[in-house]
Every structure is written in structure tokens, then in C-alpha cells.
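Student: What follows is model_26.cif; its format and atoms are mmCIF, N, CA and C atoms.
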```
data_work
#
loop_
_atom_site.label_atom_id
_atom_site.label_comp_id
_atom_site.auth_asym_id
_atom_site.auth_seq_id
_atom_site.Cartn_x
_atom_site.Cartn_y
_atom_site.Cartn_z
N MET A 1325 19.80 6.38 -32.16
CA MET A 1325 18.38 6.64 -32.03
C MET A 1325 17.72 5.47 -31.31
N LYS A 1326 16.89 5.79 -30.32
CA LYS A 1326 16.24 4.76 -29.52
C LYS A 1326 15.07 4.13 -30.29
N HIS A 1327 14.93 2.82 -30.16
CA HIS A 1327 13.83 2.09 -30.79
C HIS A 1327 12.52 2.41 -30.08
N ILE A 1328 11.49 2.75 -30.84
CA ILE A 1328 10.16 3.02 -30.28
C ILE A 1328 9.23 1.92 -30.76
N PRO A 1329 8.71 1.09 -29.83
CA PRO A 1329 7.82 -0.01 -30.23
C PRO A 1329 6.56 0.53 -30.92
N GLN A 1330 6.18 -0.12 -32.02
CA GLN A 1330 5.00 0.26 -32.78
C GLN A 1330 3.92 -0.80 -32.60
N ARG A 1331 2.67 -0.39 -32.58
CA ARG A 1331 1.54 -1.31 -32.48
C ARG A 1331 0.46 -0.88 -33.46
N THR A 1332 -0.38 -1.82 -33.85
CA THR A 1332 -1.46 -1.56 -34.78
C THR A 1332 -2.79 -1.52 -34.05
N CYS A 1333 -3.57 -0.48 -34.30
CA CYS A 1333 -4.92 -0.36 -33.73
C CYS A 1333 -5.81 -1.40 -34.41
N VAL A 1334 -6.48 -2.25 -33.63
CA VAL A 1334 -7.34 -3.27 -34.23
C VAL A 1334 -8.64 -2.66 -34.78
N GLY A 1335 -8.93 -1.42 -34.41
CA GLY A 1335 -10.13 -0.76 -34.91
C GLY A 1335 -9.95 -0.19 -36.31
N CYS A 1336 -8.84 0.53 -36.53
CA CYS A 1336 -8.64 1.21 -37.82
C CYS A 1336 -7.40 0.74 -38.57
N ARG A 1337 -6.59 -0.11 -37.96
CA ARG A 1337 -5.38 -0.69 -38.55
C ARG A 1337 -4.24 0.31 -38.73
N GLU A 1338 -4.31 1.47 -38.08
CA GLU A 1338 -3.22 2.45 -38.14
C GLU A 1338 -2.11 2.04 -37.18
N VAL A 1339 -0.86 2.20 -37.61
CA VAL A 1339 0.29 1.85 -36.79
C VAL A 1339 0.81 3.12 -36.11
N LEU A 1340 0.94 3.05 -34.78
CA LEU A 1340 1.41 4.18 -33.98
C LEU A 1340 2.34 3.67 -32.88
N PRO A 1341 3.08 4.59 -32.23
CA PRO A 1341 3.88 4.16 -31.08
C PRO A 1341 3.00 3.54 -30.00
N LYS A 1342 3.52 2.51 -29.38
CA LYS A 1342 2.79 1.74 -28.37
C LYS A 1342 2.22 2.62 -27.26
N ARG A 1343 2.95 3.63 -26.82
CA ARG A 1343 2.50 4.47 -25.71
C ARG A 1343 1.32 5.38 -26.06
N GLN A 1344 1.01 5.53 -27.34
CA GLN A 1344 -0.13 6.35 -27.75
C GLN A 1344 -1.42 5.54 -27.86
N MET A 1345 -1.33 4.26 -27.55
CA MET A 1345 -2.48 3.37 -27.69
C MET A 1345 -2.93 2.86 -26.31
N VAL A 1346 -4.15 2.32 -26.26
CA VAL A 1346 -4.68 1.71 -25.05
C VAL A 1346 -4.63 0.20 -25.25
N ARG A 1347 -4.04 -0.50 -24.30
CA ARG A 1347 -3.91 -1.97 -24.42
C ARG A 1347 -5.10 -2.65 -23.76
N ILE A 1348 -5.63 -3.63 -24.45
CA ILE A 1348 -6.68 -4.50 -23.92
C ILE A 1348 -6.03 -5.86 -23.75
N VAL A 1349 -6.24 -6.48 -22.59
CA VAL A 1349 -5.56 -7.74 -22.31
C VAL A 1349 -6.57 -8.82 -21.95
N ARG A 1350 -6.31 -10.03 -22.44
CA ARG A 1350 -7.12 -11.21 -22.10
C ARG A 1350 -6.50 -11.86 -20.88
N THR A 1351 -7.29 -11.97 -19.81
CA THR A 1351 -6.81 -12.60 -18.58
C THR A 1351 -7.74 -13.77 -18.25
N ALA A 1352 -7.40 -14.51 -17.21
CA ALA A 1352 -8.25 -15.61 -16.77
C ALA A 1352 -9.60 -15.09 -16.27
N GLU A 1353 -9.63 -13.86 -15.77
CA GLU A 1353 -10.88 -13.27 -15.26
C GLU A 1353 -11.70 -12.59 -16.35
N GLY A 1354 -11.18 -12.54 -17.56
CA GLY A 1354 -11.90 -11.89 -18.66
C GLY A 1354 -11.03 -10.82 -19.30
N VAL A 1355 -11.65 -10.03 -20.15
CA VAL A 1355 -10.94 -8.99 -20.87
C VAL A 1355 -10.89 -7.73 -20.01
N ARG A 1356 -9.72 -7.10 -19.94
CA ARG A 1356 -9.52 -5.91 -19.11
C ARG A 1356 -8.79 -4.83 -19.91
N VAL A 1357 -9.02 -3.58 -19.54
CA VAL A 1357 -8.26 -2.47 -20.08
C VAL A 1357 -6.98 -2.38 -19.25
N ASP A 1358 -5.84 -2.43 -19.91
CA ASP A 1358 -4.54 -2.41 -19.24
C ASP A 1358 -3.88 -1.05 -19.47
N LEU A 1359 -4.11 -0.12 -18.57
CA LEU A 1359 -3.56 1.22 -18.72
C LEU A 1359 -2.05 1.27 -18.50
N THR A 1360 -1.50 0.26 -17.82
CA THR A 1360 -0.05 0.22 -17.60
C THR A 1360 0.68 -0.32 -18.83
N GLY A 1361 -0.02 -1.13 -19.63
CA GLY A 1361 0.61 -1.75 -20.79
C GLY A 1361 1.52 -2.90 -20.45
N LYS A 1362 1.47 -3.36 -19.21
CA LYS A 1362 2.42 -4.40 -18.76
C LYS A 1362 1.76 -5.63 -18.15
N ALA A 1363 0.45 -5.69 -18.14
CA ALA A 1363 -0.24 -6.83 -17.54
C ALA A 1363 0.05 -8.10 -18.34
N ALA A 1364 0.10 -9.22 -17.64
CA ALA A 1364 0.34 -10.51 -18.28
C ALA A 1364 -0.90 -10.93 -19.06
N GLY A 1365 -0.69 -11.51 -20.21
CA GLY A 1365 -1.79 -12.02 -21.03
C GLY A 1365 -1.70 -11.51 -22.45
N ARG A 1366 -2.49 -12.11 -23.31
CA ARG A 1366 -2.52 -11.72 -24.72
C ARG A 1366 -3.15 -10.34 -24.83
N GLY A 1367 -2.53 -9.46 -25.57
CA GLY A 1367 -3.02 -8.10 -25.67
C GLY A 1367 -3.32 -7.66 -27.08
N ALA A 1368 -4.11 -6.60 -27.17
CA ALA A 1368 -4.43 -5.95 -28.43
C ALA A 1368 -4.51 -4.45 -28.13
N TYR A 1369 -4.36 -3.63 -29.15
CA TYR A 1369 -4.29 -2.19 -28.95
C TYR A 1369 -5.37 -1.45 -29.72
N LEU A 1370 -5.85 -0.36 -29.11
CA LEU A 1370 -6.84 0.52 -29.74
C LEU A 1370 -6.44 1.97 -29.48
N HIS A 1371 -6.80 2.84 -30.44
CA HIS A 1371 -6.65 4.29 -30.22
C HIS A 1371 -7.56 4.70 -29.07
N ASP A 1372 -7.41 5.92 -28.62
CA ASP A 1372 -8.35 6.44 -27.63
C ASP A 1372 -9.47 7.20 -28.33
N LYS A 1373 -9.95 6.63 -29.44
CA LYS A 1373 -11.06 7.21 -30.21
C LYS A 1373 -12.26 6.28 -30.12
N ARG A 1374 -13.43 6.86 -29.91
CA ARG A 1374 -14.64 6.03 -29.78
C ARG A 1374 -14.91 5.20 -31.03
N GLU A 1375 -14.67 5.75 -32.22
CA GLU A 1375 -14.98 4.97 -33.43
C GLU A 1375 -14.08 3.74 -33.56
N CYS A 1376 -12.83 3.83 -33.13
CA CYS A 1376 -11.95 2.66 -33.15
C CYS A 1376 -12.43 1.62 -32.15
N TRP A 1377 -12.86 2.08 -30.96
CA TRP A 1377 -13.37 1.16 -29.95
C TRP A 1377 -14.65 0.48 -30.43
N ALA A 1378 -15.54 1.24 -31.08
CA ALA A 1378 -16.79 0.66 -31.58
C ALA A 1378 -16.49 -0.43 -32.60
N ARG A 1379 -15.56 -0.17 -33.53
CA ARG A 1379 -15.19 -1.18 -34.52
C ARG A 1379 -14.53 -2.38 -33.86
N GLY A 1380 -13.67 -2.11 -32.89
CA GLY A 1380 -12.98 -3.19 -32.20
C GLY A 1380 -13.93 -4.11 -31.45
N ILE A 1381 -14.89 -3.52 -30.75
CA ILE A 1381 -15.85 -4.31 -29.97
C ILE A 1381 -16.75 -5.14 -30.88
N LYS A 1382 -17.00 -4.67 -32.10
CA LYS A 1382 -17.85 -5.41 -33.04
C LYS A 1382 -17.24 -6.74 -33.46
N GLY A 1383 -15.92 -6.89 -33.38
CA GLY A 1383 -15.36 -8.17 -33.77
C GLY A 1383 -13.86 -8.23 -33.89
N ALA A 1384 -13.21 -7.14 -34.27
CA ALA A 1384 -11.76 -7.17 -34.49
C ALA A 1384 -11.01 -7.45 -33.20
N LEU A 1385 -11.50 -6.94 -32.09
CA LEU A 1385 -10.84 -7.15 -30.80
C LEU A 1385 -10.91 -8.62 -30.38
N ALA A 1386 -12.06 -9.22 -30.51
CA ALA A 1386 -12.22 -10.64 -30.16
C ALA A 1386 -11.30 -11.50 -31.03
N HIS A 1387 -11.19 -11.15 -32.30
CA HIS A 1387 -10.33 -11.89 -33.21
C HIS A 1387 -8.86 -11.75 -32.80
N ALA A 1388 -8.44 -10.52 -32.45
CA ALA A 1388 -7.05 -10.28 -32.05
C ALA A 1388 -6.71 -10.98 -30.74
N LEU A 1389 -7.66 -11.04 -29.83
CA LEU A 1389 -7.43 -11.69 -28.53
C LEU A 1389 -7.68 -13.20 -28.58
N LYS A 1390 -8.20 -13.67 -29.71
CA LYS A 1390 -8.50 -15.09 -29.93
C LYS A 1390 -9.48 -15.65 -28.91
N ILE A 1391 -10.55 -14.87 -28.65
CA ILE A 1391 -11.62 -15.31 -27.74
C ILE A 1391 -12.95 -14.79 -28.26
N GLU A 1392 -14.01 -15.23 -27.63
CA GLU A 1392 -15.34 -14.68 -27.85
C GLU A 1392 -15.62 -13.75 -26.67
N LEU A 1393 -15.94 -12.49 -26.95
CA LEU A 1393 -16.21 -11.54 -25.86
C LEU A 1393 -17.52 -11.90 -25.18
N SER A 1394 -17.50 -12.00 -23.85
CA SER A 1394 -18.72 -12.27 -23.09
C SER A 1394 -19.51 -10.97 -22.97
N ALA A 1395 -20.75 -11.07 -22.54
CA ALA A 1395 -21.58 -9.88 -22.35
C ALA A 1395 -20.96 -8.97 -21.30
N GLU A 1396 -20.36 -9.57 -20.27
CA GLU A 1396 -19.71 -8.79 -19.22
C GLU A 1396 -18.48 -8.05 -19.76
N ASP A 1397 -17.67 -8.75 -20.58
CA ASP A 1397 -16.50 -8.12 -21.20
C ASP A 1397 -16.93 -6.96 -22.09
N ARG A 1398 -17.94 -7.21 -22.89
CA ARG A 1398 -18.45 -6.19 -23.82
C ARG A 1398 -18.95 -4.96 -23.05
N ALA A 1399 -19.68 -5.18 -21.96
CA ALA A 1399 -20.20 -4.08 -21.15
C ALA A 1399 -19.06 -3.28 -20.52
N ARG A 1400 -18.02 -3.97 -20.03
CA ARG A 1400 -16.87 -3.30 -19.42
C ARG A 1400 -16.15 -2.44 -20.46
N LEU A 1401 -15.95 -2.99 -21.66
CA LEU A 1401 -15.27 -2.25 -22.72
C LEU A 1401 -16.10 -1.06 -23.20
N GLU A 1402 -17.41 -1.26 -23.32
CA GLU A 1402 -18.29 -0.16 -23.74
C GLU A 1402 -18.31 0.96 -22.70
N ALA A 1403 -18.25 0.61 -21.41
CA ALA A 1403 -18.20 1.63 -20.35
C ALA A 1403 -16.92 2.45 -20.48
N PHE A 1404 -15.79 1.79 -20.75
CA PHE A 1404 -14.54 2.53 -20.94
C PHE A 1404 -14.63 3.39 -22.20
N MET A 1405 -15.19 2.84 -23.27
CA MET A 1405 -15.33 3.58 -24.52
C MET A 1405 -16.15 4.84 -24.30
N ASN A 1406 -17.23 4.75 -23.52
CA ASN A 1406 -18.09 5.90 -23.27
C ASN A 1406 -17.41 6.95 -22.40
N SER A 1407 -16.34 6.58 -21.70
CA SER A 1407 -15.61 7.56 -20.89
C SER A 1407 -14.61 8.35 -21.74
N LEU A 1408 -14.36 7.88 -22.97
CA LEU A 1408 -13.44 8.59 -23.85
C LEU A 1408 -14.08 9.88 -24.35
N PRO A 1409 -13.28 10.91 -24.61
CA PRO A 1409 -13.86 12.16 -25.11
C PRO A 1409 -14.44 11.96 -26.51
N ALA A 1410 -15.59 12.58 -26.76
CA ALA A 1410 -16.21 12.51 -28.08
C ALA A 1410 -15.44 13.43 -29.02
N GLU A 1411 -15.24 12.97 -30.24
CA GLU A 1411 -14.53 13.78 -31.22
C GLU A 1411 -15.47 14.19 -32.33
N PRO A 1412 -15.34 15.41 -32.85
CA PRO A 1412 -16.14 15.77 -34.01
C PRO A 1412 -15.67 14.97 -35.21
N ASN A 1413 -16.59 14.60 -36.04
CA ASN A 1413 -16.26 13.78 -37.22
C ASN A 1413 -15.80 14.71 -38.33
N ALA A 1414 -14.51 14.70 -38.62
CA ALA A 1414 -13.92 15.59 -39.64
C ALA A 1414 -14.37 15.22 -41.04
N LYS A 1415 -14.82 14.01 -41.26
CA LYS A 1415 -15.21 13.58 -42.60
C LYS A 1415 -16.51 14.26 -43.07
N ASN A 1416 -17.32 14.72 -42.14
CA ASN A 1416 -18.59 15.35 -42.50
C ASN A 1416 -18.49 16.85 -42.66
N HIS A 1417 -17.27 17.39 -42.70
CA HIS A 1417 -17.09 18.83 -42.85
C HIS A 1417 -17.51 19.25 -44.24
N VAL A 1418 -18.33 20.29 -44.33
CA VAL A 1418 -18.85 20.76 -45.62
C VAL A 1418 -18.25 22.14 -45.91
N ASN A 1419 -17.65 22.27 -47.08
CA ASN A 1419 -17.12 23.57 -47.50
C ASN A 1419 -18.15 24.26 -48.38
N ASP A 1420 -18.63 25.42 -47.94
CA ASP A 1420 -19.65 26.15 -48.72
C ASP A 1420 -19.00 27.25 -49.53
#
```
Once more with this new file: its structure as C-alpha cells, please.

Tutor:
Amino acid sequence: MKHIPQRTCVGCREVLPKRQMVRIVRTAEGVRVDLTGKAAGRGAYLHDKRECWARGIKGALAHALKIELSAEDRARLEAFMNSLPAEPNAKNHVND
């Protein structure tokens, strides 16, 4: 059986296969979304869910990357987050 690398989402702390996550990488030019998963630099992973990105941007992502997010980094990440599909919140489902 082939080994499948696992990573933890910094937003919700769920562990999933690396290829199901979006990698964020710290570079000399700032924080970038690494869609290839192979860019050089310290990385952290998030689901492709807006709520995980919102939690990550609030502080968990900066902690994982060991930096302080600049306003430019935050704006770039929020722009990517807003491009993600919106999901209905299953927790608010009411059974009548």
C-alpha cells in the first residue's frame, strides 16, 4: 500500500491527505497560496472551506508560518478565500 502524506488544517485541525488541502507558503516576498504544493518555504495547510480560511487568517495561519501577517498578505489571502465556493452551514439545519 502506498503511503499518502497527511496534513492538518490550521483552521479546524482536521487531518486529511495533503492533496485535498490548499498550501500557504511563507516566502521572502510575503505569504502566497501555493497551488502546486511544491514551492520553497515554510508552509501551512487549509481546507478549501471559507470558515477554515476565516479562522486561519484570524491567527492560526500566522502562528503556523511563524510570522505576523501584513495587511497585504491578509488582503491576498482574503481575496483567495472569497473565490472559494460558499457552503451551506449544516450545523444550522432544523428538523421540524

Student: Give the helix (DSSP H, G or I) residues of chain A, as DSSP finds them on the backbone, and put them as a PyMOL selection string.

Tutor: chain A and resi 1342-1344+1374-1389+1395-1407+1414-1416

Student: Counting all atoms listed in the file, figure out which residue out of A:Ala1399, A:Leu1389, A:Ala1378, A:Val1349 gets nearest to Gly1335 in chain A.

Tutor: A:Ala1378

Student: What does the structure give for the distance between CA of Arg1356 in chain A and CA of Gln1330 in chain A, in Å to one decimal?

Tutor: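 Answer for the CA of Arg1356 in chain A to CA of Gln1330 in chain A separation: 20.9 Å.
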
Student: Given the point (6.4, 4.1, -30.3) in the coordinates of this file, which residues lie within 6.5 Å, counting all atoms listed in the file, and how would they look as a ChimeraX atom specification?

Tutor: /A:1327-1331,1340-1344

Student: Which is closest to Gly1383 in chain A among A:Ile1348, A:Ala1410, A:Lys1326, A:Val1334, if we use only C-alpha atoms?

Tutor: A:Val1334

Student: For Glu1396 in chain A, which residue among A:Cys1333, A:Ala1364, A:Val1346, A:Val1355 is the nearest when counting all atoms listed in the file?

Tutor: A:Val1355

Student: What is the atom N of Cys1336 in chain A to atom C of Ala1395 in chain A distance in Å?

Tutor: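 Separation between atom N of Cys1336 in chain A and atom C of Ala1395 in chain A: 21.7 Å.
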
Student: To one decimal in Å, tell me the separation between CA of Asn1406 in chain A and CA of Arg1374 in chain A.

Tutor: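 If I compute the distance from CA of Asn1406 in chain A to CA of Arg1374 in chain A, I get 7.4 Å.
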
Student: Which residue is closest to Lys1373 in chain A? Choose from A:Thr1332, A:Leu1408, A:Arg1337, A:Leu1359 and count only C-alpha atoms.

Tutor: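 Checking each candidate against Lys1373 in chain A, we get A:Leu1408 as the closest.
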
Student: From chain A, collect each residue whose DSSP state is strand (DSSP E) and return the set as a PyMOL selection string.

Tutor: chain A and resi 1330-1332+1339-1341+1346-1351+1354-1358+1366-1370

Student: For a cut-off of 9 Å around (-0.7, -12.1, -27.0), file coordinates, pick out all residues using only C-alpha atoms and list them as a list in words.

Tutor: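 Returned residue set, sorted by chain then number, is Val1349, Arg1350, Ala1364, Gly1365, Arg1366, Gly1367, Ala1368, Ala1388, Leu1389 and Lys1390 of chain A.
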
Student: Counting only N, CA and C atoms, which residue out of A:Glu1353, A:Glu1392, A:Glu1338, A:Asp1372 sits closest to Met1405 in chain A?

Tutor: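 Distance minimum relative to Met1405 in chain A lands on A:Asp1372.
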
Student: With all atoms of range 1349-1355 of chain A from the file as input, state the centre and edge lengths in Å to one decimal of the axis-aligned box that has 8 Å extra on each side, as AutoDock Vina command-line options.

Tutor:
```
--center_x -8.7 --center_y -11.0 --center_z -18.9 --size_x 22.3 --size_y 25.1 --size_z 23.3
```
